[in-house]
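Okay, entry-v8.pdb is below, PDB, C-alpha atoms:
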```
ATOM      1  CA  MET A 413      24.992  46.933 -20.151
ATOM      2  CA  VAL A 414      25.122  43.156 -20.385
ATOM      3  CA  HIS A 415      21.963  41.498 -21.618
ATOM      4  CA  MET A 416      21.314  38.053 -20.198
ATOM      5  CA  LYS A 417      20.205  35.503 -22.736
ATOM      6  CA  LYS A 418      16.616  34.596 -22.074
ATOM      7  CA  GLN A 419      16.191  30.920 -21.268
ATOM      8  CA  PRO A 420      13.637  29.155 -23.455
ATOM      9  CA  ARG A 421      10.471  28.097 -21.682
ATOM     10  CA  LYS A 422      10.199  24.395 -21.038
ATOM     11  CA  THR A 423       7.480  22.559 -22.861
ATOM     12  CA  ARG A 424       4.734  20.733 -21.045
ATOM     13  CA  ARG A 425       6.290  17.435 -22.099
ATOM     14  CA  GLN A 426       9.678  18.488 -20.688
ATOM     15  CA  LEU A 427       8.105  19.502 -17.378
ATOM     16  CA  GLN A 428       6.244  16.189 -17.159
ATOM     17  CA  ALA A 429       9.451  14.293 -17.914
ATOM     18  CA  GLU A 430      11.277  16.160 -15.134
ATOM     19  CA  LYS A 431       8.497  15.426 -12.644
ATOM     20  CA  LEU A 432       8.509  11.749 -13.589
ATOM     21  CA  SER A 433      12.288  11.602 -13.234
ATOM     22  CA  GLU A 434      12.085  13.138  -9.742
ATOM     23  CA  ALA A 435       9.296  10.736  -8.798
ATOM     24  CA  LYS A 436      11.406   7.751  -9.849
ATOM     25  CA  LYS A 437      14.363   9.046  -7.815
ATOM     26  CA  LEU A 438      12.172   9.226  -4.697
ATOM     27  CA  ILE A 439      10.839   5.713  -5.360
ATOM     28  CA  ASN A 440      14.338   4.305  -5.790
ATOM     29  CA  LYS A 441      15.506   6.025  -2.613
ATOM     30  CA  ALA A 442      12.594   4.598  -0.609
ATOM     31  CA  ASN A 443      13.151   1.122  -2.010
ATOM     32  CA  SER A 444      16.827   1.268  -1.108
ATOM     33  CA  LEU A 445      16.024   1.466   2.612
ATOM     34  CA  GLU A 446      16.780  -1.635   4.635
ATOM     35  CA  VAL A 447      13.688  -1.151   6.818
ATOM     36  CA  PRO A 448      11.362   1.775   5.988
ATOM     37  CA  LEU A 449       9.091   1.149   9.000
ATOM     38  CA  PRO A 450       9.779   3.571  11.897
ATOM     39  CA  SER A 451      10.514   1.940  15.266
ATOM     40  CA  SER A 452       7.413   3.597  16.763
ATOM     41  CA  PHE A 453       5.251   1.380  14.521
ATOM     42  CA  GLN A 454       7.001  -1.904  15.255
ATOM     43  CA  LYS A 455       4.902  -2.650  18.348
ATOM     44  CA  PHE A 456       1.175  -2.299  18.987
ATOM     45  CA  THR A 457      -1.194  -3.020  21.879
ATOM     46  CA  SER A 458      -4.823  -3.626  20.857
ATOM     47  CA  LYS A 459      -8.032  -2.581  22.605
ATOM     48  CA  ASP A 460      -8.178  -5.965  24.340
ATOM     49  CA  GLU A 461      -4.579  -5.496  25.562
ATOM     50  CA  ILE A 462      -2.932  -8.005  23.242
ATOM     51  CA  ASN A 463       0.595  -7.085  22.199
ATOM     52  CA  TYR A 464       1.719  -7.355  18.583
ATOM     53  CA  GLU A 465       5.004  -7.013  16.779
ATOM     54  CA  ILE A 466       4.925  -5.465  13.312
ATOM     55  CA  HIS A 467       7.634  -6.620  10.933
ATOM     56  CA  CYS A 468       8.452  -5.007   7.595
ATOM     57  CA  ASN A 469      10.090  -7.195   4.953
ATOM     58  CA  ARG A 470      10.667  -7.302   1.245
ATOM     59  CA  ALA A 471       8.753 -10.117  -0.428
ATOM     60  CA  LYS A 472      11.987 -11.996  -1.130
ATOM     61  CA  GLU A 473      12.821 -11.961   2.606
ATOM     62  CA  LEU A 474       9.633 -13.743   3.688
ATOM     63  CA  THR A 475       9.923 -17.273   5.005
ATOM     64  CA  ASN A 476       8.127 -20.113   3.239
ATOM     65  CA  GLU A 477       5.784 -20.324   6.222
ATOM     66  CA  GLN A 478       4.907 -16.628   5.971
ATOM     67  CA  SER A 479       4.381 -16.817   2.205
ATOM     68  CA  SER A 480       2.075 -19.833   2.533
ATOM     69  CA  TRP A 481       0.071 -18.120   5.273
ATOM     70  CA  ILE A 482      -0.277 -14.927   3.200
ATOM     71  CA  ILE A 483      -1.693 -16.867   0.239
ATOM     72  CA  ASP A 484      -3.995 -18.848   2.528
ATOM     73  CA  LEU A 485      -5.357 -15.713   4.228
ATOM     74  CA  MET A 486      -5.868 -14.028   0.856
ATOM     75  CA  GLU A 487      -7.943 -16.955  -0.370
ATOM     76  CA  ARG A 488     -10.005 -17.153   2.818
ATOM     77  CA  ASN A 489     -10.679 -13.425   2.893
ATOM     78  CA  MET A 490     -10.905 -12.451  -0.777
ATOM     79  CA  LYS A 491     -11.376 -15.388  -3.164
ATOM     80  CA  LYS A 492     -15.171 -15.134  -3.169
ATOM     81  CA  SER A 493     -15.094 -11.385  -3.838
ATOM     82  CA  TYR A 494     -12.743 -11.889  -6.770
ATOM     83  CA  GLU A 495     -14.915 -14.681  -8.175
ATOM     84  CA  LEU A 496     -17.953 -12.399  -8.083
ATOM     85  CA  SER A 497     -16.087  -9.643  -9.922
ATOM     86  CA  SER A 498     -15.120  -9.383 -13.587
ATOM     87  CA  TRP A 499     -11.511 -10.081 -12.585
ATOM     88  CA  GLY A 500     -12.168 -13.611 -11.360
ATOM     89  CA  TRP A 501      -9.802 -15.439  -9.029
ATOM     90  CA  ASP A 502      -6.417 -16.337 -10.491
ATOM     91  CA  ALA A 503      -4.224 -17.849  -7.769
ATOM     92  CA  ASP A 504      -1.022 -17.745  -9.832
ATOM     93  CA  LYS A 505      -1.546 -14.113 -10.829
ATOM     94  CA  LYS A 506      -2.251 -13.137  -7.222
ATOM     95  CA  ARG A 507       0.823 -15.020  -6.011
ATOM     96  CA  ASN A 508       3.024 -13.231  -8.563
ATOM     97  CA  GLU A 509       1.577  -9.882  -7.469
ATOM     98  CA  LEU A 510       2.057 -10.546  -3.759
ATOM     99  CA  PHE A 511       5.650 -11.690  -4.135
ATOM    100  CA  ASP A 512       6.818  -9.337  -6.876
ATOM    101  CA  SER A 513      10.400  -8.099  -6.497
ATOM    102  CA  GLN A 514       9.113  -4.577  -5.679
ATOM    103  CA  ALA A 515       6.670  -5.748  -3.004
ATOM    104  CA  TRP A 516       6.995  -4.953   0.695
ATOM    105  CA  HIS A 517       4.999  -6.608   3.464
ATOM    106  CA  LEU A 518       3.981  -5.548   6.938
ATOM    107  CA  ILE A 519       3.260  -8.620   9.047
ATOM    108  CA  ALA A 520       1.556  -8.429  12.447
ATOM    109  CA  ILE A 521       2.466 -11.199  14.903
ATOM    110  CA  ASN A 522       0.662 -11.665  18.230
ATOM    111  CA  ASN A 523       2.280 -12.465  21.566
ATOM    112  CA  ASN A 524       1.930 -16.190  20.849
ATOM    113  CA  GLY A 525       4.081 -15.849  17.739
ATOM    114  CA  ILE A 526       1.130 -16.302  15.379
ATOM    115  CA  ASN A 527       0.765 -14.290  12.159
ATOM    116  CA  VAL A 528      -2.541 -12.412  12.327
ATOM    117  CA  GLY A 529      -2.421  -9.705   9.669
ATOM    118  CA  PHE A 530      -0.449  -8.366   6.727
ATOM    119  CA  SER A 531      -0.295  -5.483   4.310
ATOM    120  CA  HIS A 532       1.285  -5.738   0.858
ATOM    121  CA  PHE A 533       2.472  -2.322  -0.284
ATOM    122  CA  ARG A 534       4.882  -0.745  -2.741
ATOM    123  CA  PHE A 535       6.592   2.568  -3.328
ATOM    124  CA  ASP A 536       5.625   3.220  -6.922
ATOM    125  CA  VAL A 537       4.795   5.758  -9.620
ATOM    126  CA  ASP A 538       1.060   5.979 -10.279
ATOM    127  CA  ASP A 539      -0.403   8.488 -12.732
ATOM    128  CA  ASP A 540       3.082  10.084 -12.912
ATOM    129  CA  LYS A 541       3.111  10.675  -9.138
ATOM    130  CA  GLU A 542       5.221   9.085  -6.429
ATOM    131  CA  VAL A 543       2.891   7.135  -4.147
ATOM    132  CA  LEU A 544       2.770   4.402  -1.580
ATOM    133  CA  TYR A 545       0.312   1.900  -3.041
ATOM    134  CA  CYS A 546      -1.453  -0.345  -0.543
ATOM    135  CA  TYR A 547      -2.294  -3.511  -2.468
ATOM    136  CA  GLU A 548      -3.665  -5.461   0.479
ATOM    137  CA  LEU A 549      -4.653  -5.106   4.107
ATOM    138  CA  GLN A 550      -5.776  -8.501   5.405
ATOM    139  CA  LEU A 551      -6.491  -9.570   8.985
ATOM    140  CA  GLU A 552      -7.507 -12.834  10.563
ATOM    141  CA  THR A 553     -11.170 -12.677  11.630
ATOM    142  CA  SER A 554     -10.288 -12.943  15.335
ATOM    143  CA  THR A 555      -8.090  -9.827  15.115
ATOM    144  CA  ARG A 556     -10.550  -7.421  13.492
ATOM    145  CA  ARG A 557     -12.174  -4.384  15.102
ATOM    146  CA  LYS A 558      -9.427  -4.064  17.709
ATOM    147  CA  GLY A 559      -7.458  -1.211  16.175
ATOM    148  CA  LEU A 560      -4.750  -3.233  14.413
ATOM    149  CA  GLY A 561      -5.911  -2.442  10.872
ATOM    150  CA  ARG A 562      -6.092   1.267  11.653
ATOM    151  CA  PHE A 563      -2.603   1.128  13.202
ATOM    152  CA  MET A 564      -1.160  -0.613  10.146
ATOM    153  CA  MET A 565      -2.686   2.007   7.835
ATOM    154  CA  GLN A 566      -1.141   4.728  10.013
ATOM    155  CA  ALA A 567       2.196   2.963   9.592
ATOM    156  CA  LEU A 568       1.804   3.037   5.808
ATOM    157  CA  GLU A 569       0.861   6.720   5.873
ATOM    158  CA  THR A 570       3.882   7.560   8.040
ATOM    159  CA  MET A 571       6.237   5.714   5.690
ATOM    160  CA  ALA A 572       4.681   7.539   2.749
ATOM    161  CA  LEU A 573       5.162  10.916   4.435
ATOM    162  CA  GLN A 574       8.727  10.233   5.568
ATOM    163  CA  ASN A 575       9.709   9.122   2.072
ATOM    164  CA  LYS A 576       8.099  12.164   0.425
ATOM    165  CA  MET A 577       5.355  10.315  -1.401
ATOM    166  CA  GLN A 578       2.464  12.483  -2.583
ATOM    167  CA  LYS A 579      -0.266  10.167  -1.358
ATOM    168  CA  VAL A 580      -1.304   6.684  -0.268
ATOM    169  CA  VAL A 581      -3.433   4.891  -2.862
ATOM    170  CA  LEU A 582      -5.489   1.702  -2.612
ATOM    171  CA  THR A 583      -8.105  -0.303  -4.496
ATOM    172  CA  VAL A 584     -11.228  -1.701  -2.851
ATOM    173  CA  PHE A 585     -14.210  -3.679  -4.148
ATOM    174  CA  LYS A 586     -17.421  -1.641  -4.103
ATOM    175  CA  SER A 587     -19.204  -4.735  -2.788
ATOM    176  CA  ASN A 588     -16.962  -4.746   0.306
ATOM    177  CA  THR A 589     -18.957  -2.077   2.096
ATOM    178  CA  THR A 590     -17.228  -2.745   5.432
ATOM    179  CA  ALA A 591     -13.801  -2.031   3.923
ATOM    180  CA  VAL A 592     -15.108   1.029   2.054
ATOM    181  CA  ALA A 593     -16.532   2.455   5.291
ATOM    182  CA  PHE A 594     -13.266   1.690   7.125
ATOM    183  CA  PHE A 595     -11.124   3.558   4.619
ATOM    184  CA  HIS A 596     -13.550   6.470   4.478
ATOM    185  CA  SER A 597     -13.312   6.718   8.281
ATOM    186  CA  LEU A 598      -9.542   7.127   7.890
ATOM    187  CA  GLY A 599      -9.975  10.022   5.480
ATOM    188  CA  TYR A 600      -9.574   8.217   2.165
ATOM    189  CA  LYS A 601     -11.496   9.714  -0.731
ATOM    190  CA  LEU A 602     -12.247   8.771  -4.324
ATOM    191  CA  ASP A 603      -9.089   9.229  -6.378
ATOM    192  CA  ILE A 604      -9.096  11.080  -9.688
ATOM    193  CA  THR A 605      -7.939   7.854 -11.377
ATOM    194  CA  SER A 606     -10.913   5.811 -10.112
ATOM    195  CA  PRO A 607     -13.079   4.425 -12.973
ATOM    196  CA  ASN A 608     -16.806   5.189 -13.080
ATOM    197  CA  ASP A 609     -18.360   1.937 -14.205
ATOM    198  CA  GLU A 610     -16.287  -0.784 -12.570
ATOM    199  CA  HIS A 611     -16.742  -3.191  -9.664
ATOM    200  CA  TYR A 612     -13.960  -1.475  -7.713
ATOM    201  CA  MET A 613     -12.907   2.006  -6.697
ATOM    202  CA  ILE A 614      -9.543   3.650  -6.179
ATOM    203  CA  LEU A 615      -9.217   5.656  -2.982
ATOM    204  CA  SER A 616      -6.364   7.897  -1.874
ATOM    205  CA  LYS A 617      -5.189  10.129   0.935
ATOM    206  CA  LEU A 618      -2.756  13.015   0.485
ATOM    207  CA  CYS A 619       0.431  13.130   2.526
ATOM    208  CA  ARG A 620       0.952  16.338   4.461
ATOM    209  CA  ASP A 621       3.562  17.576   6.880
TER     210      ASP A 621
END
```

Would you put the structure from the file into structure tokens?
Amino acid sequence: MVHMKKQPRKTRRQLQAEKLSEAKKLINKANSLEVPLPSSFQKFTSKDEINYEIHCNRAKELTNEQSSWIIDLMERNMKKSYELSSWGWDADKKRNELFDSQAWHLIAINNNGINVGFSHFRFDVDDDKEVLYCYELQLETSTRRKGLGRFMMQALETMALQNKMQKVVLTVFKSNTTAVAFFHSLGYKLDITSPNDEHYMILSKLCRD
């Protein structure tokens, strides 16, 4: 009778290292895609019957015009909220974040060729898990409450699912009650990594087949 040599049990650290390695492989695979956005999310018709095109680009592929508009919209929409928080508003830091080499951007363009909304997102490892992290979802005032923001979040969730991410994660100011209510309506819940005594919260939504 041949006795098989018993394999030693892996330590917790070894198991964590393996999980992290697999997470990084999935992130690298997602980031290697030319365009991760499915064709079904590249066009959208709003409640008021306006047609939009949704483009997905790496930060380095954005035109100067698009980059300038993104910064301008960020300042108009969020500068005051940042100034009222402990973070403060740092234009250079925000610019570096938005146009980091790992950043992707969804840009919504209306039928007049005007940029009206964007989402900055990344495939990344967060808390040792592979996630799609939504850094920003910003719309021009005239485009809100017409279904575009919801559609763009659905696009992010679909990309997360197709690329085998565990969840979609985002950060939102507690003072931005409209945004908090919006994300809650989409099924986002307080993430385990969210701090207790800060001016912001981290929300997440699990990816499921």

Name every residue that the PyMOL selection byres ((chain A and resi 587) around 8) selects in this structure, writing the answer as a PyMOL selection string with chains first and numbers rising.
chain A and resi 493+585-586+588-589+611-612

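Between CA of Asn469 in chain A and CA of Asn440 in chain A there is a distance of 16.3 Å.
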
Could I get the residues of range 485-527 of chain A with an atom no further than 12 Å from an atom of range 442-453 of chain A, each paired with its nearest atom pair and that distance in Å to one decimal, using only C-alpha atoms, sorted by chain and residue number, as a tab-separated table?
```
residue	atom	partner	partner_atom	distance
A:Ser513	CA	A:Asn443	CA	10.6
A:Gln514	CA	A:Asn443	CA	7.9
A:Ala515	CA	A:Asn443	CA	9.5
A:Trp516	CA	A:Asn443	CA	9.1
A:His517	CA	A:Leu449	CA	10.4
A:Leu518	CA	A:Leu449	CA	8.7
A:Ile519	CA	A:Leu449	CA	11.4
A:Ala520	CA	A:Phe453	CA	10.7
```

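When all atoms listed in the file are used to compute distances to Leu485 in chain A, the closest of the residues A:Arg507, A:Lys558, A:Lys472, A:Lys541 turns out to be A:Arg507.
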
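Note that the spacing between CA of Ser479 in chain A and CA of Gln566 in chain A amounts to 23.6 Å.
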
Show which residues sit within 9 Å of Leu549 in chain A, as a list in words. Count only C-alpha atoms, and ignore same-chain residues fewer than 2 positions away.
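The neighbour list is Gly529, Phe530, Ser531, His532, Phe533, Cys546, Tyr547, Leu551, Gly561, Met564 and Met565 of chain A.
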
Based on the selection just made, write C-alpha atoms of those residues as a PDB file, keeping the file's coordinate frame.
```
ATOM      1  CA  GLY A 529      -2.421  -9.705   9.669  1.00  0.00           C
ATOM      2  CA  PHE A 530      -0.449  -8.366   6.727  1.00  0.00           C
ATOM      3  CA  SER A 531      -0.295  -5.483   4.310  1.00  0.00           C
ATOM      4  CA  HIS A 532       1.285  -5.738   0.858  1.00  0.00           C
ATOM      5  CA  PHE A 533       2.472  -2.322  -0.284  1.00  0.00           C
ATOM      6  CA  CYS A 546      -1.453  -0.345  -0.543  1.00  0.00           C
ATOM      7  CA  TYR A 547      -2.294  -3.511  -2.468  1.00  0.00           C
ATOM      8  CA  LEU A 551      -6.491  -9.570   8.985  1.00  0.00           C
ATOM      9  CA  GLY A 561      -5.911  -2.442  10.872  1.00  0.00           C
ATOM     10  CA  MET A 564      -1.160  -0.613  10.146  1.00  0.00           C
ATOM     11  CA  MET A 565      -2.686   2.007   7.835  1.00  0.00           C
TER      12      MET A 565
END
```

If you take every atom of range 585-595 of chain A that the file lists and fit an axis-aligned box around them with 8 Å extra on each side, what centre and edge lengths come out in Å to one decimal, as JSON?
```
{"center_x": -15.2, "center_y": -0.6, "center_z": 1.5, "size_x": 24.1, "size_y": 24.3, "size_z": 27.3}
```

Closest to Thr553 in chain A among A:Thr605, A:Asn489, A:Thr423, A:Gln574, using all atoms listed in the file?
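Among the listed residues, A:Asn489 lies closest to Thr553 in chain A.
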
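The two atoms in question, CA of Thr570 in chain A and CA of Leu618 in chain A, are spaced 11.4 Å apart.
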
Between A:Ser597, A:Ser616, A:Ser498, A:Asn476, which has the minimum distance to Leu544 in chain A (counting all atoms listed in the file)?
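Closest candidate: A:Ser616.
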
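Nearest to Glu465 in chain A of all the residues A:Val537, A:Ala435, A:Ile521, A:Ile483 is A:Ile521, counting all atoms listed in the file.
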
For the structure shown, which residues end up in the PyMOL selection byres ((chain A and resi 578) around 8)? Put them as a ChimeraX atom specification, please?
/A:541-543,572-573,576-577,579-580,618-619

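Of the listed residues (A:Lys601, A:Met571, A:Phe563, A:Val528), A:Phe563 comes nearest to Lys459 in chain A; the distances count only C-alpha atoms.
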
Among listed residues A:Asp540, A:Glu473, A:Glu430, A:Ser554, nearest Asp460 in chain A (using all atoms listed in the file)
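Result for the nearest residue to Asp460 in chain A: A:Ser554.
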
Neighbours of Lys491 in chain A within 9 Å (only C-alpha atoms; same-chain residues fewer than 2 positions away dropped), as a list of chain:residue names?
A:Met486, A:Glu487, A:Arg488, A:Asn489, A:Ser493, A:Tyr494, A:Glu495, A:Leu496, A:Gly500, A:Trp501, A:Asp502, A:Ala503

For the structure provided, state which residues fall under the PyMOL selection byres ((chain A and resi 602) around 10), and present them as number ranges by chain.
A: 581-583, 596, 600-601, 603-607, 613-617

Quick one: residues within 10 Å of Thr457 in chain A, all atoms listed in the file counted, chain neighbours fewer than 4 positions away excluded, as an mmCIF file with C-alpha atoms, in the coordinates of the input?
```
data_model
loop_
_atom_site.group_PDB
_atom_site.id
_atom_site.type_symbol
_atom_site.label_atom_id
_atom_site.label_comp_id
_atom_site.auth_asym_id
_atom_site.auth_seq_id
_atom_site.Cartn_x
_atom_site.Cartn_y
_atom_site.Cartn_z
ATOM 1 C CA GLU A 461 -4.579 -5.496 25.562
ATOM 2 C CA ILE A 462 -2.932 -8.005 23.242
ATOM 3 C CA ASN A 463 0.595 -7.085 22.199
ATOM 4 C CA TYR A 464 1.719 -7.355 18.583
ATOM 5 C CA GLU A 465 5.004 -7.013 16.779
ATOM 6 C CA ASN A 522 0.662 -11.665 18.230
ATOM 7 C CA LYS A 558 -9.427 -4.064 17.709
ATOM 8 C CA GLY A 559 -7.458 -1.211 16.175
ATOM 9 C CA LEU A 560 -4.750 -3.233 14.413
ATOM 10 C CA PHE A 563 -2.603 1.128 13.202
#
```
